[in-house]
Each structure stands twice: as structure tokens, then as C-alpha cells.
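J.: My structure file data-v1.txt, compact mmCIF, C-alpha atoms, is below:
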# COMPACT_ATOMS: atom_id res chain seq x y z
CA MET A 390 -40.18 9.02 -70.49
CA ALA A 391 -41.82 6.10 -68.70
CA LEU A 392 -39.11 3.76 -70.00
CA LEU A 393 -36.36 6.11 -68.79
CA GLY A 394 -37.93 6.32 -65.31
CA TRP A 395 -38.15 2.53 -65.16
CA ALA A 396 -34.46 2.21 -66.08
CA LYS A 397 -33.43 4.66 -63.39
CA ALA A 398 -35.47 2.72 -60.86
CA GLN A 399 -33.88 -0.58 -61.86
CA PHE A 400 -30.24 0.48 -62.02
CA LEU A 401 -28.18 2.19 -59.34
CA ASP A 402 -25.80 4.90 -60.49
CA ILE A 403 -24.58 6.03 -57.04
CA ILE A 404 -24.05 3.93 -53.94
CA GLU A 405 -23.31 5.79 -50.71
CA TRP A 406 -24.11 5.84 -46.98
CA LEU A 407 -25.08 9.02 -45.18
CA ASP A 408 -24.82 7.92 -41.56
CA ASP A 409 -26.81 10.12 -39.19
CA THR A 410 -26.37 7.88 -36.14
CA SER A 411 -23.62 7.72 -33.55
CA ASP A 412 -23.57 3.98 -32.85
CA THR A 413 -23.98 2.16 -36.19
CA MET A 414 -21.00 -0.07 -36.92
CA ALA A 415 -22.19 -1.82 -40.12
CA TRP A 416 -24.97 -1.19 -42.64
CA ARG A 417 -26.01 -3.09 -45.76
CA PHE A 418 -27.06 -0.98 -48.71
CA PRO A 419 -30.71 -1.80 -49.55
CA MET A 420 -30.84 -3.11 -53.12
CA ARG A 421 -34.61 -3.73 -53.35
CA GLY A 422 -34.15 -5.95 -56.40
CA GLN A 423 -32.07 -3.33 -58.20
CA GLU A 424 -28.84 -3.83 -60.10
CA ILE A 425 -25.67 -1.78 -60.02
CA GLN A 426 -24.98 0.12 -63.19
CA ASN A 427 -21.62 -0.76 -64.71
CA GLY A 428 -19.60 2.43 -64.51
CA GLY A 429 -21.65 3.73 -61.60
CA LYS A 430 -20.11 5.50 -58.63
CA LEU A 431 -19.34 4.28 -55.15
CA VAL A 432 -18.89 7.08 -52.61
CA VAL A 433 -17.04 6.07 -49.44
CA ARG A 434 -16.68 8.85 -46.91
CA GLU A 435 -13.99 9.35 -44.30
CA SER A 436 -14.17 6.82 -41.44
CA GLN A 437 -15.97 4.39 -43.76
CA GLU A 438 -15.15 1.27 -45.75
CA ALA A 439 -17.29 -0.52 -48.31
CA VAL A 440 -17.17 -4.27 -48.94
CA PHE A 441 -18.80 -6.08 -51.86
CA VAL A 442 -20.18 -9.52 -51.07
CA ASN A 443 -21.21 -11.87 -53.88
CA GLU A 444 -23.51 -14.70 -52.84
CA GLY A 445 -21.87 -14.96 -49.40
CA GLN A 446 -18.30 -14.58 -50.65
CA PHE A 447 -16.20 -11.53 -49.88
CA ALA A 448 -15.16 -9.57 -52.92
CA ASP A 449 -13.54 -6.17 -53.24
CA CYS A 450 -13.03 -3.68 -50.40
CA PHE A 451 -12.94 0.09 -50.92
CA ARG A 452 -11.51 2.81 -48.68
CA PRO A 453 -12.57 6.48 -48.54
CA GLY A 454 -12.98 8.13 -51.93
CA THR A 455 -15.17 8.09 -55.04
CA HIS A 456 -14.72 4.92 -57.07
CA ALA A 457 -15.96 4.03 -60.58
CA LEU A 458 -17.50 0.57 -60.66
CA HIS A 459 -16.23 -1.46 -63.61
CA THR A 460 -14.24 -4.63 -64.13
CA LYS A 461 -10.88 -2.92 -63.55
CA ASN A 462 -11.91 -1.76 -60.06
CA LEU A 463 -13.71 -4.96 -59.18
CA PRO A 464 -11.17 -7.72 -59.95
CA ILE A 465 -12.31 -10.09 -57.22
CA LEU A 466 -15.99 -9.65 -58.03
CA ALA A 467 -15.25 -10.07 -61.72
CA THR A 468 -13.47 -13.34 -60.98
CA LEU A 469 -16.30 -14.60 -58.77
CA LYS A 470 -18.90 -13.79 -61.39
CA GLY A 471 -16.75 -14.96 -64.31
CA TRP A 472 -16.87 -11.67 -66.15
CA LYS A 473 -14.86 -11.41 -69.29
CA TYR A 474 -12.80 -8.36 -70.16
CA GLY A 475 -14.98 -5.50 -71.26
CA PHE A 476 -18.03 -6.66 -69.38
CA GLU A 477 -20.40 -3.68 -69.17
CA SER A 478 -23.74 -5.07 -68.10
CA PRO A 479 -25.41 -4.15 -64.79
CA PHE A 480 -24.75 -6.59 -61.96
CA LYS A 481 -26.02 -7.56 -58.53
CA SER A 482 -23.97 -7.62 -55.36
CA ASP A 483 -24.46 -6.91 -51.67
CA VAL A 484 -22.62 -3.82 -50.47
CA TYR A 485 -21.78 -3.39 -46.77
CA PHE A 486 -20.60 -0.12 -45.32
CA LEU A 487 -18.40 -0.29 -42.22
CA ASN A 488 -17.96 2.58 -39.79
CA THR A 489 -14.27 2.77 -38.90
CA LYS A 490 -14.50 5.75 -36.55
CA LEU A 491 -13.61 5.52 -32.86
CA PHE A 492 -16.55 4.54 -30.65
CA ASN A 493 -15.82 6.27 -27.37
CA VAL A 494 -16.95 6.19 -23.74
CA LEU A 495 -18.19 2.62 -23.67
CA GLY A 496 -18.61 1.57 -20.07
CA TRP A 497 -17.54 -1.62 -18.36
CA GLY A 498 -17.72 -2.81 -14.77
CA THR A 499 -17.78 -5.85 -12.51
CA PRO A 500 -21.42 -6.91 -11.93
CA ASN A 501 -20.29 -8.88 -8.88
CA PRO A 502 -17.24 -8.47 -6.60
CA ILE A 503 -14.12 -10.37 -7.61
CA MET A 504 -11.75 -12.04 -5.14
CA MET A 505 -8.13 -11.00 -4.73
CA ARG A 506 -5.43 -11.97 -2.23
CA ASP A 507 -3.89 -9.03 -0.38
CA ALA A 508 -0.79 -9.05 1.86
CA ASP A 509 -2.31 -6.60 4.36
CA PHE A 510 -5.95 -7.69 4.53
CA GLY A 511 -5.91 -11.29 3.30
CA MET A 512 -8.75 -12.24 0.93
CA LEU A 513 -10.66 -9.22 -0.38
CA ARG A 514 -13.66 -8.67 -2.62
CA VAL A 515 -13.25 -5.68 -4.93
CA ARG A 516 -15.36 -3.98 -7.57
CA ALA A 517 -14.11 -1.97 -10.54
CA PHE A 518 -15.46 0.06 -13.43
CA GLY A 519 -14.13 2.16 -16.28
CA ILE A 520 -14.48 3.10 -19.96
CA TYR A 521 -12.99 1.90 -23.25
CA SER A 522 -12.97 2.79 -26.96
CA ILE A 523 -13.11 0.49 -29.99
CA ARG A 524 -12.84 0.76 -33.77
CA VAL A 525 -13.18 -1.62 -36.73
CA VAL A 526 -9.74 -2.39 -38.19
CA ASP A 527 -10.49 -5.51 -40.26
CA SER A 528 -13.77 -5.14 -42.12
CA LYS A 529 -13.96 -8.65 -43.56
CA THR A 530 -13.17 -10.31 -40.21
CA PHE A 531 -15.75 -8.12 -38.50
CA LEU A 532 -18.41 -8.97 -41.09
CA LYS A 533 -17.61 -12.68 -41.00
CA ASN A 534 -17.27 -13.25 -37.24
CA VAL A 535 -19.57 -10.61 -35.78
CA VAL A 536 -22.09 -9.03 -38.18
CA GLY A 537 -23.02 -12.06 -40.25
CA THR A 538 -26.07 -11.44 -42.42
CA ASN A 539 -27.48 -8.60 -40.30
CA GLY A 540 -28.45 -5.59 -42.35
CA LEU A 541 -27.77 -3.25 -39.43
CA PHE A 542 -25.29 -3.72 -36.59
CA THR A 543 -24.82 -1.26 -33.71
CA VAL A 544 -22.52 -0.96 -30.71
CA ALA A 545 -25.29 -2.20 -28.43
CA ASP A 546 -25.28 -5.54 -30.29
CA ILE A 547 -21.73 -6.33 -29.15
CA GLN A 548 -21.21 -4.21 -26.04
CA ASP A 549 -22.41 -6.84 -23.57
CA GLN A 550 -19.99 -9.43 -24.97
CA LEU A 551 -17.08 -6.98 -24.84
CA ARG A 552 -17.94 -5.99 -21.27
CA LYS A 553 -17.87 -9.59 -20.08
CA SER A 554 -14.54 -10.19 -21.84
CA ILE A 555 -13.00 -7.13 -20.16
CA VAL A 556 -14.17 -8.24 -16.71
CA THR A 557 -12.61 -11.68 -17.25
CA LYS A 558 -9.30 -10.20 -18.36
CA PHE A 559 -9.40 -7.67 -15.51
CA THR A 560 -9.60 -10.55 -13.01
CA ASP A 561 -6.53 -12.14 -14.62
CA ALA A 562 -4.65 -8.83 -14.62
CA MET A 563 -5.33 -8.26 -10.92
CA GLY A 564 -4.03 -11.73 -10.11
CA GLU A 565 -0.85 -11.22 -12.12
CA ALA A 566 -0.10 -7.69 -10.95
CA LYS A 567 -0.32 -8.58 -7.21
CA ILE A 568 -0.62 -4.93 -6.25
CA PRO A 569 -1.48 -4.34 -2.55
CA ALA A 570 -4.95 -2.93 -1.99
CA LEU A 571 -3.50 0.23 -0.42
CA ASP A 572 -1.46 0.91 -3.60
CA LEU A 573 -4.17 0.26 -6.22
CA ALA A 574 -5.14 3.90 -6.66
CA ALA A 575 -1.57 4.78 -7.64
CA GLN A 576 -1.41 2.00 -10.24
CA TYR A 577 -4.52 2.68 -12.36
CA ASN A 578 -2.50 3.61 -15.46
CA GLU A 579 -0.30 0.51 -15.25
CA LEU A 580 -3.30 -1.75 -14.70
CA SER A 581 -5.19 -0.09 -17.58
CA ASP A 582 -2.28 -0.70 -19.98
CA LEU A 583 -1.93 -4.30 -18.83
CA LEU A 584 -5.67 -4.90 -19.27
CA ARG A 585 -5.69 -3.36 -22.76
CA GLN A 586 -2.78 -5.58 -23.81
CA LYS A 587 -4.69 -8.61 -22.57
CA MET A 588 -7.78 -7.57 -24.53
CA ASP A 589 -5.98 -7.07 -27.87
CA PRO A 590 -5.95 -10.76 -28.95
CA GLU A 591 -9.63 -11.10 -28.07
CA PHE A 592 -10.57 -8.00 -30.06
CA GLN A 593 -8.47 -9.06 -33.05
CA THR A 594 -10.54 -12.21 -33.51
CA MET A 595 -13.53 -9.90 -34.09
CA GLY A 596 -11.76 -7.48 -36.41
CA LEU A 597 -11.73 -4.79 -33.71
CA GLU A 598 -9.11 -2.78 -31.88
CA CYS A 599 -9.27 -1.76 -28.23
CA ALA A 600 -7.93 1.72 -28.87
CA LYS A 601 -8.26 3.01 -25.30
CA LEU A 602 -9.11 1.51 -21.95
CA PHE A 603 -9.23 3.21 -18.56
CA ILE A 604 -9.88 2.02 -15.03
CA GLU A 605 -11.83 4.76 -13.28
CA ASN A 606 -12.20 3.19 -9.86
CA ILE A 607 -11.43 0.05 -7.86
CA SER A 608 -13.49 0.00 -4.68
CA LEU A 609 -12.99 -2.09 -1.55
CA PRO A 610 -15.75 -3.52 0.67
CA PRO A 611 -17.38 -0.94 2.97
CA GLU A 612 -15.98 -2.55 6.12
CA VAL A 613 -12.42 -2.40 4.75
CA GLU A 614 -12.89 1.22 3.70
CA ALA A 615 -14.13 2.03 7.24
CA MET A 616 -11.01 0.35 8.65
CA LEU A 617 -8.78 2.41 6.36
CA ASP A 618 -10.58 5.58 7.40
CA LYS A 619 -9.90 4.79 11.05
CA ARG A 620 -6.25 4.03 10.33
CA THR A 621 -5.91 7.34 8.51
CA SER A 622 -7.52 9.21 11.39
CA VAL A 623 -5.18 7.60 13.89
CA GLY A 624 -2.18 8.47 11.72
CA ILE A 625 -3.26 12.11 11.55
CA MET A 626 -3.98 12.35 15.28
CA SER A 627 -0.88 10.53 16.56
CA PRO A 628 1.49 13.55 16.68
CA ALA A 629 -1.18 15.76 18.25
CA MET A 630 -2.11 13.10 20.81
CA GLY A 631 1.54 12.72 21.87
CA ALA A 632 1.92 16.45 22.47
CA TYR A 633 -1.46 16.59 24.25
CA THR A 634 -0.48 13.76 26.61
CA GLN A 635 2.80 15.47 27.49
CA MET A 636 0.96 18.70 28.23
CA GLN A 637 -1.53 16.89 30.48
CA VAL A 638 1.28 15.25 32.46
CA ALA A 639 3.11 18.58 32.87
CA GLU A 640 -0.08 20.23 34.18
CA ALA A 641 -0.85 17.35 36.57
CA ILE A 642 2.51 17.34 38.38
CA PRO A 643 2.08 20.74 40.15
CA LYS A 644 -1.44 19.75 41.17
CA ALA A 645 -0.11 16.50 42.59
CA ALA A 646 2.37 18.41 44.74
CA GLU A 647 -0.43 20.56 46.19
CA ASN A 648 -2.87 17.71 46.81
CA PRO A 649 -2.66 15.93 50.21
CA GLY A 650 -3.67 12.69 48.52
CA GLY A 651 -0.38 12.56 46.68
CA VAL A 652 0.59 12.13 43.07
CA ALA A 653 -1.27 8.89 42.57
CA GLY A 654 -4.53 10.34 43.87
CA VAL A 655 -4.46 13.30 41.51
CA GLY A 656 -3.31 11.08 38.63
CA MET A 657 -6.23 8.73 39.19
CA GLY A 658 -8.62 11.64 39.31
CA ALA A 659 -7.26 12.95 36.01
CA GLY A 660 -7.41 9.55 34.35
CA MET A 661 -3.62 9.10 34.38
CA GLY A 662 -3.08 7.31 37.69
CA ILE A 663 -1.48 4.32 36.06
CA GLY A 664 1.12 6.34 34.17
CA LEU A 665 2.01 8.60 37.10
CA GLY A 666 2.02 5.64 39.50
CA ALA A 667 4.59 4.00 37.28
CA MET A 668 6.73 7.14 37.43
CA VAL A 669 6.57 7.23 41.25
CA ALA A 670 7.28 3.51 41.48
CA ASN A 671 10.32 3.99 39.28
CA GLN A 672 11.64 6.73 41.55
CA MET A 673 11.08 4.57 44.64
CA GLY A 674 12.88 1.69 42.96
CA GLN A 675 15.85 3.93 42.24
CA ALA A 676 15.96 4.99 45.91
CA VAL A 677 15.91 1.38 47.11
CA ALA A 678 18.60 0.50 44.57
CA GLY A 679 20.72 3.36 45.94
CA GLN A 680 20.42 2.04 49.50
CA MET A 681 21.34 -1.44 48.32
CA GLY A 682 24.37 0.01 46.51
CA GLN A 683 25.59 1.69 49.68
CA ALA A 684 25.28 -1.59 51.57
CA ALA A 685 27.19 -3.41 48.88
CA HIS A 686 30.06 -0.94 49.24
CA GLY A 687 30.31 -1.36 53.05
CA GLY A 688 28.23 1.69 53.97
CA HIS A 689 25.45 1.64 56.51
CA ALA A 690 21.97 1.79 55.13
CA ALA A 691 19.80 4.60 56.35
CA PRO A 692 17.26 3.28 58.76
CA ILE A 693 13.83 2.74 57.31
CA ALA A 694 11.46 5.15 58.95
CA PRO A 695 8.79 3.32 60.86
CA MET A 696 5.34 3.70 59.43
CA GLN A 697 3.08 5.86 61.57
CA GLY A 698 -0.01 4.36 63.18
CA LYS A 699 0.87 0.70 62.61
CA SER A 700 0.96 -2.00 65.23
CA LEU A 701 4.04 -4.01 66.12
CA LYS A 702 2.71 -6.97 64.21
CA GLU A 703 2.01 -4.94 61.07
CA GLU A 704 5.45 -3.32 61.06
CA LEU A 705 7.21 -6.66 61.56
CA THR A 706 5.10 -8.18 58.78
CA ASP A 707 6.05 -5.37 56.39
CA LEU A 708 9.72 -5.77 57.35
CA LYS A 709 9.52 -9.52 56.75
CA GLU A 710 8.05 -8.92 53.26
CA LEU A 711 10.97 -6.65 52.39
CA PHE A 712 13.41 -9.30 53.54
CA ASP A 713 11.58 -12.10 51.69
CA SER A 714 11.64 -9.97 48.54
CA GLN A 715 15.44 -9.70 48.94
CA LEU A 716 15.22 -5.92 49.08
CA ILE A 717 17.26 -5.80 52.36
CA THR A 718 20.05 -7.93 53.75
CA GLN A 719 19.97 -10.08 56.86
CA ALA A 720 21.98 -7.48 58.78
CA GLU A 721 19.59 -4.72 57.77
CA PHE A 722 16.64 -6.87 58.71
CA ASP A 723 18.08 -7.55 62.20
CA ALA A 724 18.93 -3.89 62.79
CA GLN A 725 15.51 -2.66 61.69
CA ARG A 726 13.73 -5.33 63.71
CA GLN A 727 15.56 -4.19 66.82
CA THR A 728 14.55 -0.57 66.09
CA ILE A 729 10.86 -1.54 65.73
CA MET A 730 10.95 -3.58 68.93
CA HIS A 731 12.57 -0.67 70.82
CA LYS A 732 9.96 1.71 69.45
CA HIS A 733 7.16 -0.35 70.86
CA GLY A 734 8.89 -0.68 74.25
CA MET A 735 10.05 -4.22 73.84
CA ASN A 736 13.76 -4.49 74.53
CA THR A 737 15.48 -7.67 73.39
Kindly return the structure encoded in the file as C-alpha cells.

T.:
Amino acid sequence: MALLGWAKAQFLDIIEWLDDTSDTMAWRFPMRGQEIQNGGKLVVRESQEAVFVNEGQFADCFRPGTHALHTKNLPILATLKGWKYGFESPFKSDVYFLNTKLFNVLGWGTPNPIMMRDADFGMLRVRAFGIYSIRVVDSKTFLKNVVGTNGLFTVADIQDQLRKSIVTKFTDAMGEAKIPALDLAAQYNELSDLLRQKMDPEFQTMGLECAKLFIENISLPPEVEAMLDKRTSVGIMSPAMGAYTQMQVAEAIPKAAENPGGVAGVGMGAGMGIGLGAMVANQMGQAVAGQMGQAAHGGHAAPIAPMQGKSLKEELTDLKELFDSQLITQAEFDAQRQTIMHKHGMNT
């Protein structure tokens, strides 16, 4: 009985991996000086692969299923060890189990802002973050280039390297896409696909596949976001402000007619003096243009009413300014000058 117990302790009949973790990517079966029984069983569960390694050299690889371990099923290992046909002795070999399931919701993000050139805002600093998913697709490449001789390898052991690679490729993708900052939110899917395509060659060198990659957000600097908020507010308010201004003007005109100070005075009091003054000036200009048109067609211009309460000198000065501004002709100037002189009792 003691001899039978010793034999069971020395030889392995079943090799399997019951993974109770969610982040283990590779695990080496602990031999503890034991040998594998020829004819023993290798149990590889779904989303697993098993790789035999003999003294640092890759041997046979097994996919999901239950496999009998003998020379027929281990041709590479048999060659490496120089087994002859019919070899039935126990043997030693390292056995690595690889987890081929999809590792989801791995986060990535830009630790520092990246620069991009934008047609609307010039040079911008943007931040971005998202998630991605990976799986092992080439067990031997993954063991050789990533795991090495580690007996246990988890997602955390490679996540930092993958995150930095994604940020680098994201910077390249943003430069190539040349999408305006205002249109970025509508192009997340296109940018995500472009970024995943750029990551594929990098992942392949590690025996991995970037199965999914999503950009969740691309954020602009706070000052640019504040500027966009103001622009949006102005765009929303513009139609309402136009209607409100028209209503204010319509309400101010009747008040201007009732006020002795005139349209300009009420307009100034209501904060619209400049706009209403321009309207009045336009009407006055049209009246002057009408008088000039009558003169041009041989008609007599209506006499300019003398301004009340002004001295002879002031009225003549005002008349001279009209003439100097070419608003009246020489004949009109002479006629009006004679009227002013007669008004003040000075006959010429």
C-alpha cells in the first residue's frame, strides 16, 4: 500500500486547470518533481489551450478536449526527447495552460493632453478615454514574447504596456483623420475602427488580438468648451432676440410720437437711440434727396424754414454749411440767404 501511494505521488495521471479567476492569462502546471504517466489524460476545457514545453523548446499544443498522452499524440515532444516507437515510460515536461477567452472592459486613456490642429480653433489639447477587449490567439507567440518563464501571468502584467500603445496609435489616428473638433462626437465609431486597425499589428507581435475597441469620450480644454457653450447659447437665442428687438422698436414708435423730446429722445431713453436716430436720419436724407431731385428737373425748391430762436449769424452759418456740403445749389443758397436777411430786417 505504501509503494502504491508513493507511485501515485510520483506520477501524474490527470493534468488539468480549474481556473477560478477572471484575469489569469497563462498558468504553468506545478510539477513538484513529478513525472507524467505515459497514457495519462490531459483535460483542456473550453477557452483554454495547453502547450508542452521541453527544456525551453515548444512542443505539442492541445485545444479543448480530453487527450491521451502517448507518443502518437506527442509527436513533437517525442522527437525532442528522442523517444522510440512504443515508448511507455513516464516523462517530464512543462505544461502551460493559456486562457483564450475574451478579456473585456479594459480601460485606456490619455494621461496627458495630446495636441491636434483644428481648422476652427487652431492648436488644441484634447484628452480621450475608452475601453478595449483582448484575447490570446497565438499561444506559442504569447508564451515566447510575453509570458516567458513566469508561472502565472495576469492581465495586469500587460495592461500598462497595451494602454501606452493604444495612446500612441490614437495620436497617430487623430492626425490622419483630421476631423474638426466640432465633429469629433459624431465620428467615434469611425475613429474606434481606425484605431483598432492600427493596433492589430502591434497585438499580433504578442500573440494577441484586439477584438474590440471603443472611444467613449474625447474632451476639449475647459476654456474651449466654455466658448462652445456660449456659441450654442447665442445660436439658440438669435431668433428670439430678433423678434424681441422688432417688438421693442414697434412699441417705442408710438411713445416717440407722444413725447415732446422727439423720437431720438425716447429712443435714447429706451436704449435704442442709435438705431432710431439712424431711421430718422434716413428719412431726412430722403427728403433732402427729393428736394434736390426737384431742382434737377427745373422745379423750385421749397424754401427751407428758418430755425426759430437763432441769430442772423447762426442761420447764415447753418446755410453756409449746407452749401459747403453740396446739399443745395448756388441759386438755392442765394435765395435762402435773401430770405434770412429779410427776416432779420436787413434788405439787400

J.: Smallest atom-to-atom distance to A:Tyr521: which of A:Val556, A:Cys599, A:Met563, A:Ala724, using all atoms listed in the file?

T.: A:Cys599

J.: Find, counting only C-alpha atoms, the residue in A:Met735, A:Ala545, A:Ile520, A:Met512 that gets nearest to A:Leu701.

T.: A:Met735

J.: Just the residues within 12 Å of stretch 565-578 of chain A, please, counting only C-alpha atoms, with nothing from its chain fewer than 4 positions along; format it as a ChimeraX atom specification.

T.: /A:504-519,558-561,582-585,587,601-610,613-614,616-618,620-621

J.: For A:Gln548, which residue among A:Met414, A:Asp483, A:Thr718, A:Val433 is the nearest when counting only C-alpha atoms?

T.: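 Closest to A:Gln548 of all the choices is A:Met414.
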
J.: Taking 4 positions as the minimum chain separation for residues in the same chain, which residues sit within 10 Å of A:Gly445 when counting only C-alpha atoms? Answer as a PyMOL selection string.

T.: chain A and resi 441+482-483+533+537-538

J.: Between atom CA of A:Phe480 and atom CA of A:Val432, what is the distance, to one decimal in Å?

T.: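 Between atom CA of A:Phe480 and atom CA of A:Val432 the gap is 17.6 Å.
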
J.: In Å, with one decimal, what is the gap from atom CA of A:Lys473 to atom CA of A:Cys450?

T.: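 Calculated distance between atom CA of A:Lys473 and atom CA of A:Cys450 is 20.5 Å.
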
J.: To one decimal place, how far is atom CA of A:Ser528 from atom CA of A:Phe447 in Å?

T.: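 These atoms are spaced 10.3 Å apart.
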
J.: So which one's closest to A:Gly498, A:Ala448, A:Gly471, A:Arg552, A:Lys461? Using all atoms listed in the file, please.

T.: A:Arg552

J.: Would you list the contacts of stretch 486-492 of chain A as a PyMOL selection string, taking every protein, DNA or RNA residue within 8 Å and counting only C-alpha atoms, but skipping same-chain residues closer than 2 positions in sequence?

T.: chain A and resi 406+412-418+436-440+484+494-495+522-526+528+600

J.: Can you tell me, as number ranges by chain, what residues are no more than 12 Å from A:Asp707 when counting only C-alpha atoms, ignoring any on the same chain fewer than 3 positions away?

T.: A: 693, 695-696, 699-704, 710-714, 716-717, 722, 725-726, 729

J.: Between A:Asp409, A:Asp402, A:Asp449, A:Glu721, which residue has the minimum interatomic distance to A:Gly428, considering all atoms listed in the file?

T.: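 Residue with the minimum atom-to-atom distance to A:Gly428: A:Asp402.
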
J.: Need the axis-aligned box for stretch 432-440 of chain A with 4 Å each side, so what are the centre and edges in Å to one decimal, as lines of an AutoDock Vina configuration file?

T.:
center_x = -16.4
center_y = 2.5
center_z = -47.0
size_x = 12.9
size_y = 21.6
size_z = 19.2

J.: My list of candidates is A:Thr557, A:Thr594, A:Asn493, A:Thr499. Which is closest to A:Asn534 when distances are computed with all atoms listed in the file?

T.: A:Thr594
